[in-house]
>>> print(open('data39.txt').read())   # compact mmCIF, C-alpha atoms and all ligand atoms
# COMPACT_ATOMS: atom_id res chain seq x y z
CA MET A 1 7.95 22.66 34.60
CA LYS A 2 10.11 22.92 31.47
CA VAL A 3 8.53 22.09 28.12
CA LEU A 4 10.05 21.59 24.67
CA ILE A 5 7.96 21.74 21.48
CA VAL A 6 9.39 20.07 18.37
CA GLY A 7 8.43 21.80 15.12
CA GLY A 8 8.32 25.27 13.65
CA GLY A 9 5.09 25.93 11.76
CA GLY A 10 1.74 27.56 12.41
CA ARG A 11 0.53 24.48 14.27
CA GLU A 12 3.49 24.61 16.65
CA HIS A 13 2.87 28.35 17.19
CA ALA A 14 -0.73 27.50 18.18
CA ILE A 15 0.55 24.74 20.50
CA ALA A 16 3.07 27.18 22.00
CA GLU A 17 0.29 29.72 22.59
CA ALA A 18 -1.82 27.10 24.39
CA VAL A 19 1.16 25.85 26.43
CA SER A 20 2.07 29.39 27.45
CA ARG A 21 -1.41 29.73 29.00
CA SER A 22 -0.77 26.70 31.24
CA ALA A 23 -0.31 27.44 34.92
CA SER A 24 2.34 24.72 35.30
CA VAL A 25 4.88 25.87 32.69
CA ASP A 26 7.83 28.03 33.79
CA LYS A 27 10.04 27.69 30.75
CA LEU A 28 9.24 26.89 27.13
CA TYR A 29 11.68 25.88 24.37
CA CYS A 30 10.96 25.21 20.73
CA ALA A 31 13.11 23.35 18.17
CA PRO A 32 13.47 25.02 15.74
CA GLY A 33 10.49 27.39 16.21
CA ASN A 34 9.99 30.50 14.08
CA ALA A 35 9.86 34.29 14.35
CA GLY A 36 6.42 34.21 16.01
CA ILE A 37 7.11 31.37 18.43
CA GLU A 38 10.19 33.31 19.55
CA LYS A 39 7.90 35.67 21.48
CA LEU A 40 6.67 32.75 23.63
CA ALA A 41 9.59 30.33 23.72
CA GLU A 42 13.35 30.16 23.51
CA CYS A 43 13.99 28.80 20.02
CA VAL A 44 16.90 26.42 19.51
CA PRO A 45 18.41 25.68 16.09
CA ILE A 46 17.71 21.94 16.00
CA THR A 47 15.54 20.49 13.25
CA PRO A 48 12.81 17.91 14.02
CA MET A 49 14.60 14.91 12.45
CA GLU A 50 17.82 15.46 14.43
CA PHE A 51 16.74 12.95 17.08
CA ASP A 52 20.14 12.68 18.80
CA LYS A 53 20.37 16.44 19.21
CA ILE A 54 16.81 16.70 20.50
CA VAL A 55 17.37 13.96 23.07
CA ALA A 56 20.69 15.50 24.16
CA PHE A 57 19.09 18.94 24.48
CA ALA A 58 16.13 17.61 26.49
CA LYS A 59 18.51 15.80 28.85
CA GLU A 60 20.82 18.76 29.29
CA LYS A 61 17.98 21.20 30.02
CA GLU A 62 16.09 18.64 32.16
CA ILE A 63 12.96 19.04 30.06
CA ASP A 64 9.89 17.67 31.86
CA LEU A 65 7.76 17.22 28.74
CA THR A 66 8.58 17.20 25.02
CA ILE A 67 5.64 17.74 22.67
CA VAL A 68 6.16 16.39 19.17
CA GLY A 69 3.91 18.33 16.80
CA MET A 70 4.85 16.98 13.37
CA ASP A 71 4.22 13.75 11.49
CA ASP A 72 7.76 12.97 10.25
CA PRO A 73 9.45 12.74 13.66
CA LEU A 74 6.45 10.86 15.12
CA VAL A 75 6.45 8.29 12.33
CA GLY A 76 10.25 8.10 12.59
CA GLY A 77 10.10 7.26 16.31
CA LEU A 78 11.21 10.41 18.14
CA VAL A 79 8.90 9.65 21.08
CA ASP A 80 10.52 6.19 21.45
CA GLU A 81 14.00 7.77 21.45
CA LEU A 82 13.03 10.28 24.12
CA GLU A 83 11.45 7.56 26.28
CA LYS A 84 14.51 5.32 25.92
CA ALA A 85 16.52 8.17 27.40
CA GLY A 86 14.14 8.32 30.35
CA LEU A 87 12.38 11.46 29.12
CA ARG A 88 8.66 12.18 29.03
CA ALA A 89 7.11 12.87 25.65
CA PHE A 90 3.68 13.58 24.22
CA GLY A 91 2.76 11.86 20.97
CA PRO A 92 2.33 8.31 19.70
CA ARG A 93 5.25 5.89 19.62
CA LYS A 94 6.48 4.69 16.25
CA ASN A 95 4.35 1.54 16.31
CA ALA A 96 1.21 3.67 16.78
CA ALA A 97 2.13 6.64 14.55
CA ILE A 98 1.92 4.16 11.67
CA LEU A 99 -1.80 4.97 11.78
CA GLU A 100 -0.79 8.08 9.81
CA GLY A 101 2.49 6.78 8.41
CA SER A 102 1.00 4.03 6.26
CA LYS A 103 -2.31 4.32 4.44
CA ALA A 104 -2.19 0.58 3.70
CA PHE A 105 -1.91 -0.09 7.47
CA SER A 106 -4.79 2.23 8.36
CA LYS A 107 -7.04 0.85 5.61
CA ASP A 108 -6.35 -2.74 6.69
CA LEU A 109 -7.03 -1.80 10.31
CA MET A 110 -10.39 -0.27 9.39
CA LYS A 111 -11.33 -3.29 7.31
CA LYS A 112 -10.35 -5.73 10.07
CA TYR A 113 -12.31 -3.89 12.78
CA GLY A 114 -15.31 -2.83 10.69
CA ILE A 115 -14.66 0.92 10.80
CA PRO A 116 -16.46 2.62 7.89
CA THR A 117 -14.14 3.80 5.10
CA ALA A 118 -13.98 3.77 1.29
CA ALA A 119 -13.55 0.36 -0.38
CA TYR A 120 -9.93 -0.17 -1.52
CA GLU A 121 -7.20 -2.43 -2.79
CA THR A 122 -3.46 -2.24 -2.05
CA PHE A 123 -0.75 -2.82 -4.68
CA ASP A 124 3.02 -3.30 -4.55
CA SER A 125 3.55 -3.34 -8.30
CA ALA A 126 2.58 -0.86 -10.99
CA ALA A 127 1.63 -3.68 -13.37
CA LYS A 128 -0.96 -5.11 -10.98
CA ALA A 129 -2.34 -1.64 -10.23
CA LEU A 130 -2.73 -0.94 -13.97
CA GLU A 131 -4.47 -4.26 -14.54
CA TYR A 132 -6.93 -3.48 -11.74
CA LEU A 133 -7.65 -0.03 -13.18
CA GLU A 134 -8.72 -1.50 -16.55
CA THR A 135 -12.05 -2.60 -15.04
CA ALA A 136 -12.40 0.02 -12.27
CA LYS A 137 -15.14 2.63 -11.86
CA PHE A 138 -14.20 6.32 -12.22
CA PRO A 139 -13.50 8.75 -10.65
CA ILE A 140 -11.08 6.80 -8.52
CA VAL A 141 -8.55 7.78 -5.85
CA LEU A 142 -4.84 6.86 -5.81
CA LYS A 143 -2.91 7.21 -2.57
CA ALA A 144 0.82 6.82 -2.05
CA ASP A 145 1.19 4.59 1.02
CA GLY A 146 3.58 6.69 3.13
CA LEU A 147 3.96 10.31 4.23
CA ALA A 148 3.96 12.73 1.30
CA LEU A 149 3.51 16.17 2.89
CA GLY A 150 -0.26 15.76 2.54
CA LYS A 151 0.13 15.67 -1.24
CA GLY A 152 0.23 11.95 -2.06
CA VAL A 153 -3.45 11.70 -3.04
CA LEU A 154 -4.60 11.86 -6.66
CA ILE A 155 -8.23 11.94 -7.73
CA CYS A 156 -8.42 10.57 -11.26
CA GLN A 157 -11.41 11.17 -13.52
CA ASN A 158 -10.62 8.50 -16.11
CA LEU A 159 -8.28 5.63 -16.99
CA GLU A 160 -5.74 7.90 -18.71
CA GLU A 161 -5.34 10.08 -15.61
CA ALA A 162 -5.13 7.02 -13.39
CA LYS A 163 -2.40 5.46 -15.55
CA ASP A 164 -0.40 8.70 -15.36
CA GLY A 165 -0.96 8.71 -11.59
CA VAL A 166 0.34 5.17 -11.13
CA LYS A 167 3.43 6.11 -13.13
CA GLU A 168 4.03 9.28 -11.08
CA ILE A 169 3.63 7.55 -7.73
CA MET A 170 5.10 4.07 -8.33
CA GLU A 171 7.60 4.51 -11.16
CA ASP A 172 8.75 8.17 -11.14
CA LYS A 173 8.54 8.09 -7.30
CA LYS A 174 7.21 11.64 -7.16
CA PHE A 175 6.58 11.16 -3.43
CA GLY A 176 9.74 9.14 -2.83
CA SER A 177 9.52 5.80 -1.02
CA ALA A 178 5.91 6.68 -0.01
CA GLY A 179 5.12 5.34 -3.49
CA ASN A 180 6.48 1.81 -2.96
CA HIS A 181 2.94 0.75 -2.16
CA LEU A 182 -0.22 2.19 -3.63
CA VAL A 183 -3.75 2.24 -2.25
CA ILE A 184 -6.50 2.52 -4.86
CA GLU A 185 -9.73 3.65 -3.31
CA GLU A 186 -13.38 4.20 -4.16
CA PHE A 187 -14.24 7.88 -4.71
CA MET A 188 -16.65 9.18 -2.08
CA THR A 189 -18.76 12.32 -2.15
CA GLY A 190 -19.97 14.41 0.75
CA ARG A 191 -18.82 17.10 3.08
CA GLU A 192 -15.48 16.80 4.81
CA VAL A 193 -15.10 17.40 8.53
CA SER A 194 -12.09 16.99 10.79
CA VAL A 195 -12.56 15.78 14.33
CA LEU A 196 -9.45 15.71 16.47
CA SER A 197 -9.12 13.85 19.73
CA TYR A 198 -6.79 13.24 22.64
CA CYS A 199 -6.16 9.56 23.43
CA ASP A 200 -4.43 7.80 26.31
CA GLY A 201 -4.26 4.32 24.83
CA SER A 202 -7.70 3.33 26.14
CA HIS A 203 -9.82 6.46 26.50
CA ILE A 204 -10.60 9.14 23.94
CA LYS A 205 -11.75 12.75 24.39
CA LEU A 206 -12.96 14.65 21.37
CA MET A 207 -12.05 18.20 20.56
CA THR A 208 -14.36 20.65 18.81
CA SER A 209 -14.81 19.96 15.06
CA ALA A 210 -13.12 21.88 12.25
CA GLN A 211 -12.91 22.10 8.48
CA ASP A 212 -9.88 22.74 6.30
CA HIS A 213 -9.68 24.14 2.75
CA LYS A 214 -6.99 22.14 0.99
CA ARG A 215 -7.04 23.53 -2.53
CA ALA A 216 -5.01 26.63 -3.39
CA GLY A 217 -7.72 28.61 -5.16
CA ASP A 218 -11.16 30.09 -4.40
CA GLY A 219 -14.04 27.70 -4.99
CA ASP A 220 -11.81 24.69 -4.24
CA THR A 221 -9.84 25.03 -7.46
CA GLY A 222 -6.12 24.63 -8.10
CA LEU A 223 -3.57 22.36 -6.52
CA ASN A 224 -3.74 20.64 -3.16
CA THR A 225 -1.85 22.48 -0.42
CA GLY A 226 -1.09 21.87 3.24
CA GLY A 227 -4.27 23.87 4.00
CA MET A 228 -5.32 27.42 3.11
CA GLY A 229 -7.68 28.11 6.01
CA THR A 230 -10.00 26.55 8.55
CA PHE A 231 -13.09 27.17 10.60
CA SER A 232 -14.32 25.64 13.83
CA PRO A 233 -16.78 24.29 14.80
CA SER A 234 -18.29 22.78 11.65
CA PRO A 235 -22.05 23.39 11.47
CA PHE A 236 -22.29 20.21 9.37
CA TYR A 237 -21.05 18.08 12.23
CA THR A 238 -24.44 17.68 13.89
CA ALA A 239 -25.31 15.90 17.13
CA GLU A 240 -26.73 13.05 15.06
CA ILE A 241 -23.49 12.62 13.09
CA ASP A 242 -21.48 12.93 16.29
CA SER A 243 -23.35 10.07 17.90
CA LYS A 244 -22.98 7.93 14.75
CA CYS A 245 -19.20 8.55 14.75
CA LYS A 246 -19.01 7.71 18.45
CA GLU A 247 -20.75 4.44 17.74
CA THR A 248 -18.83 3.39 14.61
CA ILE A 249 -15.47 5.19 14.47
CA PHE A 250 -13.82 6.91 17.43
CA GLN A 251 -13.59 4.46 20.34
CA LYS A 252 -13.43 1.59 17.86
CA THR A 253 -10.19 3.01 16.43
CA VAL A 254 -8.59 3.36 19.86
CA ASP A 255 -9.67 -0.17 20.79
CA ALA A 256 -8.41 -1.54 17.46
CA MET A 257 -4.96 -0.01 17.99
CA LYS A 258 -4.84 -1.43 21.50
CA ALA A 259 -5.91 -4.87 20.30
CA GLU A 260 -3.08 -4.75 17.75
CA GLY A 261 -0.57 -4.07 20.52
CA ARG A 262 -0.12 -0.51 19.24
CA GLU A 263 -1.57 1.54 22.10
CA PHE A 264 -2.18 5.05 20.76
CA LYS A 265 -1.27 7.87 23.16
CA GLY A 266 -1.47 11.31 21.62
CA ILE A 267 -3.71 12.94 19.07
CA ILE A 268 -5.83 11.06 16.57
CA TYR A 269 -7.09 13.33 13.83
CA PHE A 270 -10.12 11.79 12.12
CA GLY A 271 -10.55 13.12 8.59
CA LEU A 272 -14.18 12.27 7.87
CA MET A 273 -16.40 12.33 4.82
CA LEU A 274 -20.10 12.70 5.59
CA THR A 275 -21.51 10.44 2.87
CA GLN A 276 -25.11 9.46 2.18
CA ASP A 277 -24.33 6.11 3.79
CA GLY A 278 -23.12 7.80 6.95
CA PRO A 279 -19.76 9.17 8.12
CA LYS A 280 -16.66 7.38 6.78
CA VAL A 281 -12.95 7.81 7.52
CA LEU A 282 -10.94 9.51 4.75
CA GLU A 283 -7.70 9.46 6.65
CA TYR A 284 -6.13 9.37 10.07
CA ASN A 285 -3.39 11.71 11.22
CA ALA A 286 -1.38 11.17 14.36
CA ARG A 287 -1.05 14.86 15.34
CA PHE A 288 -2.83 18.21 15.30
CA GLY A 289 -3.80 19.44 11.84
CA ASP A 290 -2.20 22.54 10.42
CA PRO A 291 -4.14 24.91 10.20
CA GLU A 292 -6.81 23.07 12.25
CA ALA A 293 -4.82 23.62 15.47
CA GLN A 294 -5.01 27.37 14.83
CA VAL A 295 -8.83 27.38 15.22
CA ILE A 296 -9.13 24.62 17.82
CA LEU A 297 -6.50 25.44 20.42
CA PRO A 298 -7.41 29.11 20.96
CA ARG A 299 -10.87 27.80 21.92
CA GLN A 300 -9.62 25.10 24.29
CA LYS A 301 -10.35 26.06 27.90
CA THR A 302 -8.79 23.03 29.63
CA ASP A 303 -5.08 23.38 30.42
CA ILE A 304 -3.28 21.61 27.56
CA ILE A 305 -0.48 20.34 29.81
CA ASP A 306 -3.01 18.65 32.12
CA VAL A 307 -4.58 16.96 29.09
CA MET A 308 -1.24 15.83 27.65
CA ASN A 309 -0.06 14.48 30.99
CA ALA A 310 -3.32 12.54 31.32
CA CYS A 311 -2.74 11.04 27.85
CA ILE A 312 0.70 9.84 28.89
CA ASP A 313 -0.48 8.54 32.28
CA GLY A 314 -3.61 6.81 30.99
CA THR A 315 -5.93 8.99 33.09
CA LEU A 316 -7.76 10.88 30.36
CA ASP A 317 -11.11 9.66 31.73
CA LYS A 318 -10.52 11.95 34.73
CA ILE A 319 -10.19 15.05 32.53
CA GLU A 320 -13.08 17.29 31.62
CA LEU A 321 -12.12 18.62 28.21
CA GLU A 322 -13.83 21.95 27.55
CA PHE A 323 -13.94 24.38 24.65
CA GLU A 324 -15.32 27.90 24.48
CA ASP A 325 -18.84 28.13 23.14
CA ASN A 326 -17.84 30.35 20.22
CA ALA A 327 -16.23 30.02 16.79
CA ALA A 328 -12.92 30.72 15.07
CA VAL A 329 -11.74 31.20 11.50
CA CYS A 330 -8.14 31.04 10.25
CA VAL A 331 -7.14 32.51 6.87
CA VAL A 332 -3.69 31.49 5.67
CA LEU A 333 -1.62 34.26 4.11
CA ALA A 334 0.67 32.54 1.61
CA SER A 335 3.36 33.59 -0.84
CA ASP A 336 1.92 33.97 -4.33
CA GLY A 337 2.84 30.86 -6.31
CA TYR A 338 2.47 28.42 -3.39
CA PRO A 339 2.42 25.38 -3.55
CA VAL A 340 4.64 25.36 -6.67
CA SER A 341 7.28 28.09 -6.53
CA TYR A 342 7.41 31.39 -4.75
CA GLU A 343 9.81 34.07 -3.58
CA LYS A 344 10.91 34.46 0.01
CA GLY A 345 12.47 37.26 2.02
CA LYS A 346 9.64 39.82 1.73
CA LEU A 347 9.33 42.20 4.69
CA ILE A 348 6.11 41.69 6.69
CA LYS A 349 4.32 44.72 8.16
CA GLY A 350 1.40 44.95 10.58
CA LEU A 351 2.25 42.08 12.93
CA ASP A 352 1.95 44.31 16.00
CA LYS A 353 -1.78 44.96 15.42
CA PHE A 354 -2.91 41.60 16.82
CA ASP A 355 -4.16 41.35 20.40
CA GLU A 356 -5.07 37.91 21.68
CA ALA A 357 -7.12 39.48 24.45
CA ASP A 358 -9.44 40.76 21.70
CA GLY A 359 -9.59 37.33 20.03
CA TYR A 360 -7.10 38.02 17.20
CA TYR A 361 -4.11 35.76 16.62
CA CYS A 362 -1.40 35.85 14.00
CA PHE A 363 0.24 32.42 13.94
CA HIS A 364 3.57 32.34 12.14
CA ALA A 365 4.36 29.52 9.72
CA GLY A 366 7.06 30.48 7.20
CA THR A 367 8.67 33.56 8.72
CA LYS A 368 12.20 34.55 9.67
CA LYS A 369 13.69 37.31 11.79
CA THR A 370 16.32 39.45 10.04
CA ASP A 371 18.07 42.73 10.87
CA ASP A 372 15.44 44.53 8.76
CA GLY A 373 12.50 42.89 10.52
CA ILE A 374 10.42 39.74 10.08
CA VAL A 375 10.37 38.44 6.49
CA THR A 376 8.54 35.70 4.58
CA ASN A 377 10.36 32.37 4.59
CA GLY A 378 7.94 29.79 3.18
CA GLY A 379 4.84 29.05 1.14
CA ARG A 380 2.39 29.37 3.98
CA VAL A 381 3.53 32.49 5.84
CA LEU A 382 0.94 33.38 8.50
CA GLY A 383 -2.34 32.02 9.87
CA VAL A 384 -4.55 35.00 10.63
CA THR A 385 -7.13 33.80 13.14
CA ALA A 386 -10.08 35.48 14.81
CA LYS A 387 -12.60 34.27 17.32
CA GLY A 388 -16.22 35.45 17.22
CA LYS A 389 -19.50 34.69 18.90
CA THR A 390 -20.61 33.01 15.66
CA LEU A 391 -18.80 31.58 12.63
CA LYS A 392 -20.00 34.52 10.57
CA GLU A 393 -18.59 37.03 13.03
CA ALA A 394 -15.31 35.10 13.28
CA ARG A 395 -15.01 35.05 9.49
CA GLU A 396 -15.65 38.81 9.20
CA GLN A 397 -13.07 39.56 11.87
CA ALA A 398 -10.47 37.18 10.39
CA TYR A 399 -10.79 38.78 6.95
CA LYS A 400 -10.64 42.24 8.52
CA ALA A 401 -7.41 41.22 10.24
CA THR A 402 -5.87 39.95 6.99
CA GLU A 403 -5.88 43.59 5.87
CA TRP A 404 -3.62 44.59 8.76
CA ILE A 405 -0.80 42.52 7.28
CA GLN A 406 1.21 43.62 4.29
CA PHE A 407 3.97 41.92 2.35
CA ASP A 408 4.85 41.71 -1.34
CA ASN A 409 3.36 38.60 -2.96
CA LYS A 410 0.67 38.21 -0.28
CA TYR A 411 -1.87 35.62 -1.44
CA MET A 412 -4.96 34.20 0.25
CA ARG A 413 -8.25 32.54 -0.51
CA HIS A 414 -11.27 34.80 -0.15
CA ASP A 415 -13.82 32.11 0.56
CA ILE A 416 -12.61 30.46 3.76
CA GLY A 417 -15.73 29.52 5.70
CA LYS A 418 -18.07 30.42 2.86
CA ALA A 419 -19.66 26.98 3.27
CA ILE A 420 -20.99 28.26 6.59
CA ASP A 421 -23.61 30.22 4.62
CA ASP A 422 -24.94 26.97 3.14
CA ALA A 423 -25.56 25.63 6.61
CA GLU A 424 -27.97 28.44 7.46
P1 LIG B 1 -6.06 12.56 2.47
O1 LIG B 1 -4.62 12.98 2.44
O2 LIG B 1 -6.29 11.09 2.52
O3 LIG B 1 -6.89 13.35 3.42
O4 LIG B 1 -6.65 13.06 1.07
C1 LIG B 1 -6.59 14.41 0.71
C2 LIG B 1 -7.94 14.84 0.17
O5 LIG B 1 -8.29 14.02 -0.96
C3 LIG B 1 -9.07 14.63 1.15
O6 LIG B 1 -9.18 15.69 2.04
C4 LIG B 1 -10.25 14.53 0.21
O7 LIG B 1 -10.66 15.81 -0.20
C5 LIG B 1 -9.68 13.80 -0.96
N1 LIG B 1 -9.94 12.36 -0.84
C6 LIG B 1 -9.17 11.43 -0.25
N2 LIG B 1 -9.73 10.20 -0.32
C7 LIG B 1 -10.88 10.35 -0.99
C8 LIG B 1 -11.93 9.47 -1.39
N3 LIG B 1 -11.87 8.17 -1.15
N4 LIG B 1 -12.99 9.99 -2.05
C9 LIG B 1 -13.04 11.30 -2.33
N5 LIG B 1 -12.09 12.19 -1.98
C10 LIG B 1 -11.03 11.73 -1.33
N1 LIG B 2 -4.61 20.44 7.39
C1 LIG B 2 -4.49 19.08 7.14
C2 LIG B 2 -3.43 18.39 7.90
O1 LIG B 2 -2.82 18.95 8.77
O2 LIG B 2 -3.20 17.23 7.63
>>> encode(input="data39.txt", output="structure tokens")
Amino acid sequence: MKVLIVGGGGREHAIAEAVSRSASVDKLYCAPGNAGIEKLAECVPITPMEFDKIVAFAKEKEIDLTIVGMDDPLVGGLVDELEKAGLRAFGPRKNAAILEGSKAFSKDLMKKYGIPTAAYETFDSAAKALEYLETAKFPIVLKADGLALGKGVLICQNLEEAKDGVKEIMEDKKFGSAGNHLVIEEFMTGREVSVLSYCDGSHIKLMTSAQDHKRAGDGDTGLNTGGMGTFSPSPFYTAEIDSKCKETIFQKTVDAMKAEGREFKGIIYFGLMLTQDGPKVLEYNARFGDPEAQVILPRQKTDIIDVMNACIDGTLDKIELEFEDNAAVCVVLASDGYPVSYEKGKLIKGLDKFDEADGYYCFHAGTKKTDDGIVTNGGRVLGVTAKGKTLKEAREQAYKATEWIQFDNKYMRHDIGKAIDDAE
């Protein structure tokens, strides 16, 4: 069959790698792809929000399955457009992708169906938000309602910070129209774990757990980023927590979406906080995480196309979803200065040293092919990933592999997976 992947980051490279292992795929396209994906797929210069062009391309090439990897096109309704044209697509429709697209929607859903999450209030005017803050407990969390590249969350230590935050989000519109509504939420403490799942509207199958490192600097300092590295599985996600989440969160979310007439087919990413009162939902995403996909998919044994087809057909209960009994660590190599400002166009050396057969992967995020070779073309440049028998071994191998890569301005965190030591 012919498959098209929409997107061009490290996550889409990891999806492309998994798809290329599928027995049923003869031809793979990616729009727009990147310099790494190009080794696995024919890349076409169409960007993910050019819905008309994507639909036209999929029709012309008789694509059997289009996989939408990114939040913006999902929330914007690309899957609906493809389906209207009689094409098959993997990912939630617009009315279900709202689970990620609106924090106010997801919070209200959790409240209505009794899914554990932080207490909150929603505001549509800055004046009302400011009035509420006068008597609130600190720290407190402000969240822009809509998509904000994972950056629309502010943790405020005191009233002054919170007032500035309301101004940034609702008045200065730092995150654009995402700031038309504001969610103000109770601050929770605990360990964070991500659990991703495949859903077919009724059934849910969980993937192996993972943990991201969102801050730019070592020791969780500095600005929030898209993610500086991940490990999988999380030793903090114990069997006891897993059974609690199964009871209170996972199937309940799928059932809630169905009851709302918003059947969710695709990936639900549960961002969880393991609090003293039990696991609670921090956020939902409607897609693979980036860079969570880079440590989850290389460990997935079950053919990804079979799983995606089952999600679309509503037959996920017939699928046995299996992961390797090992571990993986991904260290993001970024351009120094990310997430604020950074230079691009630096020549990258050492890319040929990676051999997937040995458990080493170099997923491209912001890269570009030029006549001189592959150069940096973004903040997050590469996701250097290694598998190991244990998390410790995977971490050692991933950091060893980061040394194979050279480019000017190379920046990374040195403590990805350090939390693993606390678990022992
Ligand atoms: P989100 O985009 O909702 O995942 O938020 C980004 C990050 O902000 C999360 O990964 C948490 O580290 C933090 N965060 C979000 N909501 C809360 C909360 N209610 N309490 C504490 N930290 C939070
Ligand atoms: N790594 C976090 C996300 O993809 O949302």
>>> residues_around(input="data39.txt", residues="A:Pro339", least_positions_apart="4", cutoff="8 Å", atoms="only C-alpha atoms", output="list of chain:residue names")
A:Ala216, A:Leu223, A:Asn224, A:Thr225, A:Gly379
>>> closest_residue(input="data39.txt", among="A:Ala18, A:Leu87, A:Leu40, A:Val79", to="A:Leu297", atoms="all atoms listed in the file")
A:Ala18
>>> residues_near_ligand(input="data39.txt", ligand="ligand LIG 2 (chain B)", cutoff="12 Å", atoms="all atoms listed in the file", output="VMD selection string")
chain A and resid 9 to 12 69 to 71 100 to 101 147 to 152 192 to 196 210 to 215 224 to 231 267 to 272 282 to 295 330 332 380
>>> closest_residue(input="data39.txt", among="A:Gly314, A:Gly337, A:Gly8, A:Gly201", to="A:Gly261", atoms="all atoms listed in the file")
A:Gly201
>>> residues_near_ligand(input="data39.txt", ligand="ligand LIG 1 (chain B)", cutoff="6 Å", atoms="all atoms listed in the file", output="list in words")
Ala118, Val141, Gly150, Val153, Glu185, Glu186, Phe187, Met188, Thr189, Leu282 and Glu283 of chain A
>>> closest_residue(input="data39.txt", among="A:Ala327, A:Leu159, A:Ala144, A:Ala136", to="A:Gly359", atoms="only C-alpha atoms")
A:Ala327
>>> closest_residue(input="data39.txt", among="A:Ile305, A:Thr275, A:Glu62, A:Leu130", to="A:Ala23", atoms="all atoms listed in the file")
A:Ile305
